[in-house]
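This report concerns only the one structure given below.
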Amino acid sequence: MFNILDQSTMEAKSTNPMKDFEVVAPPEDTVSALKFSPAALQQNYLIAGSWDSSVRCWEVEQTGKTLPKAIKTMDGCPVLDACWSDDGTKVFIATGNQVKIWDLISDQTMQVAAHQAPVKTCHWIKGSNYACLMTGSWDKTLKFWDTRSANPMLSFNLPERCYCTDVDYPMAVVGTAGNSVIVYSLESTPTEFRRQESRLKYQHRAIAIFRDKNQAPTGYAVGSIEGRVVLKYLNPAKDQLMFKCHRSPIVAASQDIYAINDMAFHPIHGTLVTVGSDGTFCFWDIDDGKRLKTSEKMDQAITKCSLNANGQIFAYALGYDWSKGYEYFSPIKKPQIFLRRCYEELNPR
């Protein structure tokens, strides 16, 4: 890791070392959610939820220019997650012990879900015969909501607090404290499909579903705070793949290891993006376990990332993730969000 002097020396040099497009008017605090609009919208929009209690929305032009379109503040509660409805007209916001729906057309918000502890994740599910909101909480439950009702349509007890989730219909995965992973089938009605312990020894931080060559969900990747990813196929006959990332070079038998803060799979190529506390993003070909690209080191951690619906644009957010403690927090450094053209870079060679 850089010491304080080294870090301050790099500040001016590495704010945007990849020369990517910077999103205007970013949040005032660390970005906790970053999502591109669904394929139903022809135009690209980007939302970011933040610890500053806000959710912001930008229009993203083909040139890389961004236009602030809307902002909603959550009464002093930090935003831990946010997601789009399938038609792109609404945003769901996990804030405190509840989830609110933000109608982008009317600019009105309304509570649609509640837990006994903070809601860590939210996902909108558009099934073949139903649509609902899935929420995972630190109260050790996973709930499914018809947003027209005050009570959940289904509730599952989790072995521990919910830390990370992903949905790719008809599959959902949940990673919890204690390193458990639970897979759910979403066909007809949500049901638990499989429960297992992860091969990772340290806390889960990110989870993402990947697809097979026929574009059907076939497995998931889990990233940990120990700079390690494991890929698990639903077919037990297929081998798991595990690899290390977001680590410094070994010098004198010593190495700095950083958390993986977020992951995403390319919607066309099936390649993987990881972002970490070391301030880098990495592109991976999971079929060969090969690294396609590693970015230059930024002057802050990368906390969240997202790929747009057609896989042309990669968004990533810089901010302090508190992995080095309060003594490394600098109020001078502000969160930033960058956009990068990525289709060719994520195309496996």
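Letters A, B, ... go to the chains of the structure tokens in the order shown; residues in each chain start at 1; ligands are counted from 1 in the same order.
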Skipping near chain neighbours, those fewer than 4 positions away, what residues fall within 12 Å of region 159-162 of chain A using only C-alpha atoms, listed as a PyMOL selection string?
chain A and resi 115-122+135-143+166+173-182+195-197+203-207
Tell me, as a PDB file with N, CA and C atoms, in the first residue's frame, which residues lie within 7 Å of Met298 (chain A), counting only C-alpha atoms; anything in the same chain fewer than 4 positions away does not count.
ATOM      1  N   SER A  14      -3.292  10.762 -10.645  1.00  0.00           N
ATOM      2  CA  SER A  14      -4.077   9.576 -10.931  1.00  0.00           C
ATOM      3  C   SER A  14      -5.574   9.728 -10.705  1.00  0.00           C
ATOM      4  N   THR A  15      -6.086  10.962 -10.719  1.00  0.00           N
ATOM      5  CA  THR A  15      -7.527  11.149 -10.601  1.00  0.00           C
ATOM      6  C   THR A  15      -8.260  10.485 -11.762  1.00  0.00           C
ATOM      7  N   ASN A  16      -7.726  10.604 -12.967  1.00  0.00           N
ATOM      8  CA  ASN A  16      -8.315   9.965 -14.150  1.00  0.00           C
ATOM      9  C   ASN A  16      -7.198   9.431 -15.047  1.00  0.00           C
ATOM     10  N   PRO A  17      -6.437   8.443 -14.564  1.00  0.00           N
ATOM     11  CA  PRO A  17      -5.296   7.962 -15.351  1.00  0.00           C
ATOM     12  C   PRO A  17      -5.694   7.246 -16.631  1.00  0.00           C
ATOM     13  N   GLY A 279      -8.143   0.522  -6.164  1.00  0.00           N
ATOM     14  CA  GLY A 279      -8.310   1.592  -7.139  1.00  0.00           C
ATOM     15  C   GLY A 279      -8.075   1.160  -8.567  1.00  0.00           C
ATOM     16  N   THR A 280      -8.277  -0.127  -8.864  1.00  0.00           N
ATOM     17  CA  THR A 280      -8.148  -0.608 -10.246  1.00  0.00           C
ATOM     18  C   THR A 280      -9.398  -1.374 -10.648  1.00  0.00           C
TER      19      THR A 280
END
Contacts of Ala221 (chain A) at 9 Å (only C-alpha atoms; same-chain gap of 2+ positions) as an MDAnalysis selection string
chainID A and resid 206:210 219 223 229:233 263
Residues within 8 Å of region 79-92 of chain A, please, as a ChimeraX atom specification. Count only C-alpha atoms; anything in the same chain fewer than 2 positions from it doesn't count.
/A:32-35,37-38,40-41,47-55,74,77,94-96,99-105,119-126
Apply DSSP to the structure's backbone, then extract all residues of region 63-185 of chain A labelled strand (DSSP E or B) and return them as number ranges by chain.
A: 66-73, 79-84, 90-95, 98-103, 108-114, 119-126, 131-137, 141-145, 154-157, 162-168, 171-176, 180-185
Find the spatial neighbours of Asn261 (chain A), counting only C-alpha atoms, within a cut-off of 6 Å - ignore same-chain residues fewer than 2 positions away - and output them as a list in words.
Arg205, Ala259, Val275, Gly276 and Thr303 of chain A
Dump C-alpha atoms for the selected residues as a short mmCIF file (atom, residue, chain, number, x, y, z; two decimals), in the first residue's frame?
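For reference, again-v2.cif as written:
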data_model
loop_
_atom_site.label_atom_id
_atom_site.label_comp_id
_atom_site.auth_asym_id
_atom_site.auth_seq_id
_atom_site.Cartn_x
_atom_site.Cartn_y
_atom_site.Cartn_z
CA ARG A 205 -18.47 -8.50 -0.87
CA ALA A 259 -11.24 -6.19 -1.30
CA VAL A 275 -13.30 -3.48 -9.23
CA GLY A 276 -11.42 -3.17 -5.97
CA THR A 303 -16.64 1.12 -5.01
#
Rounded to one decimal, what separation in Å do you get between CA of Pro335 (chain A) and CA of Ile93 (chain A)?
19.7 Å
Give me, as a ChimeraX atom specification, all polymer residues having an atom no more than 12 Å from Gln215 (chain A), counting only C-alpha atoms and skipping those fewer than 3 positions away in the same chain.
/A:168-170,209-212,218-219,265-270
Could you take the residues named above and write them with N, CA, C and O atoms, as an mmCIF file, in the first residue's frame?
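Dumped everything to selection.cif:
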data_model
loop_
_atom_site.group_PDB
_atom_site.id
_atom_site.type_symbol
_atom_site.label_atom_id
_atom_site.label_comp_id
_atom_site.auth_asym_id
_atom_site.auth_seq_id
_atom_site.Cartn_x
_atom_site.Cartn_y
_atom_site.Cartn_z
ATOM 1 N N ASP A 168 -30.868 -12.764 -12.307
ATOM 2 C CA ASP A 168 -30.939 -12.886 -13.762
ATOM 3 C C ASP A 168 -31.992 -13.957 -14.017
ATOM 4 O O ASP A 168 -31.718 -15.147 -13.926
ATOM 5 N N TYR A 169 -33.212 -13.513 -14.280
ATOM 6 C CA TYR A 169 -34.352 -14.434 -14.354
ATOM 7 C C TYR A 169 -34.051 -15.602 -15.295
ATOM 8 O O TYR A 169 -33.535 -15.385 -16.391
ATOM 9 N N PRO A 170 -34.326 -16.846 -14.840
ATOM 10 C CA PRO A 170 -35.075 -17.279 -13.651
ATOM 11 C C PRO A 170 -34.191 -17.697 -12.468
ATOM 12 O O PRO A 170 -34.470 -18.687 -11.810
ATOM 13 N N ILE A 209 -24.246 -13.244 -11.423
ATOM 14 C CA ILE A 209 -24.651 -14.430 -12.194
ATOM 15 C C ILE A 209 -24.054 -14.352 -13.593
ATOM 16 O O ILE A 209 -24.009 -13.286 -14.199
ATOM 17 N N PHE A 210 -23.591 -15.503 -14.112
ATOM 18 C CA PHE A 210 -23.123 -15.551 -15.497
ATOM 19 C C PHE A 210 -23.959 -16.537 -16.304
ATOM 20 O O PHE A 210 -24.637 -17.411 -15.751
ATOM 21 N N ARG A 211 -23.905 -16.374 -17.622
ATOM 22 C CA ARG A 211 -24.723 -17.158 -18.546
ATOM 23 C C ARG A 211 -23.867 -18.102 -19.385
ATOM 24 O O ARG A 211 -22.664 -17.893 -19.532
ATOM 25 N N ASP A 212 -24.534 -19.119 -19.966
ATOM 26 C CA ASP A 212 -23.850 -20.018 -20.893
ATOM 27 C C ASP A 212 -23.941 -19.464 -22.310
ATOM 28 O O ASP A 212 -24.420 -18.345 -22.541
ATOM 29 N N THR A 218 -26.261 -19.856 -15.746
ATOM 30 C CA THR A 218 -25.668 -21.182 -15.533
ATOM 31 C C THR A 218 -24.786 -21.270 -14.296
ATOM 32 O O THR A 218 -24.356 -22.350 -13.911
ATOM 33 N N GLY A 219 -24.489 -20.130 -13.653
ATOM 34 C CA GLY A 219 -23.641 -20.147 -12.461
ATOM 35 C C GLY A 219 -23.453 -18.745 -11.929
ATOM 36 O O GLY A 219 -24.097 -17.790 -12.383
ATOM 37 N N PHE A 265 -20.828 -9.033 -15.262
ATOM 38 C CA PHE A 265 -20.541 -9.817 -16.457
ATOM 39 C C PHE A 265 -21.025 -9.068 -17.698
ATOM 40 O O PHE A 265 -22.101 -8.464 -17.689
ATOM 41 N N HIS A 266 -20.210 -9.121 -18.765
ATOM 42 C CA HIS A 266 -20.574 -8.455 -20.007
ATOM 43 C C HIS A 266 -21.796 -9.154 -20.616
ATOM 44 O O HIS A 266 -21.813 -10.387 -20.738
ATOM 45 N N PRO A 267 -22.829 -8.400 -21.012
ATOM 46 C CA PRO A 267 -24.071 -9.016 -21.483
ATOM 47 C C PRO A 267 -23.937 -9.754 -22.808
ATOM 48 O O PRO A 267 -24.769 -10.602 -23.125
ATOM 49 N N ILE A 268 -22.911 -9.447 -23.592
ATOM 50 C CA ILE A 268 -22.715 -10.100 -24.893
ATOM 51 C C ILE A 268 -21.579 -11.117 -24.828
ATOM 52 O O ILE A 268 -21.746 -12.288 -25.190
ATOM 53 N N HIS A 269 -20.419 -10.713 -24.359
ATOM 54 C CA HIS A 269 -19.230 -11.566 -24.380
ATOM 55 C C HIS A 269 -19.168 -12.548 -23.210
ATOM 56 O O HIS A 269 -18.459 -13.557 -23.303
ATOM 57 N N GLY A 270 -19.851 -12.255 -22.105
ATOM 58 C CA GLY A 270 -19.776 -13.119 -20.934
ATOM 59 C C GLY A 270 -18.501 -12.968 -20.138
ATOM 60 O O GLY A 270 -18.253 -13.746 -19.210
#
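Each of A:Leu234, A:Val23, A:Ala301, A:Gln62 was compared to Gln42 (chain A) using only C-alpha atoms, and A:Gln62 turns out to be the nearest.
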Can you work out which one of A:Phe243, A:Phe283, A:Trp58, A:Phe36 has the shortest atom-to-atom distance to Ala309 (chain A), counting only C-alpha atoms?
A:Phe36
So, with only C-alpha atoms as the atoms that count, which of A:Val222, A:Leu307, A:Val24, A:Leu346 lies closest to Cys282 (chain A)?
A:Leu346
Which residues come within 7 Å of Ala315 (chain A), counting only C-alpha atoms, excluding same-chain residues fewer than 3 positions away, as a VMD selection string?
chain A and resid 305 to 307 337 to 340
Length of the CA of Thr63 (chain A) to CA of Val31 (chain A) vector [Å]:
23.5 Å
Which is closest to Ile286 (chain A) among A:Gln255, A:Thr30, A:Ser248, A:Asn347, if we use only C-alpha atoms?
A:Asn347
Give the answer as one residue: which of A:Thr73, A:Arg291, A:Gln300, A:Gln43 has the shortest atom-to-atom distance to Tyr328 (chain A), using only C-alpha atoms?
A:Gln300
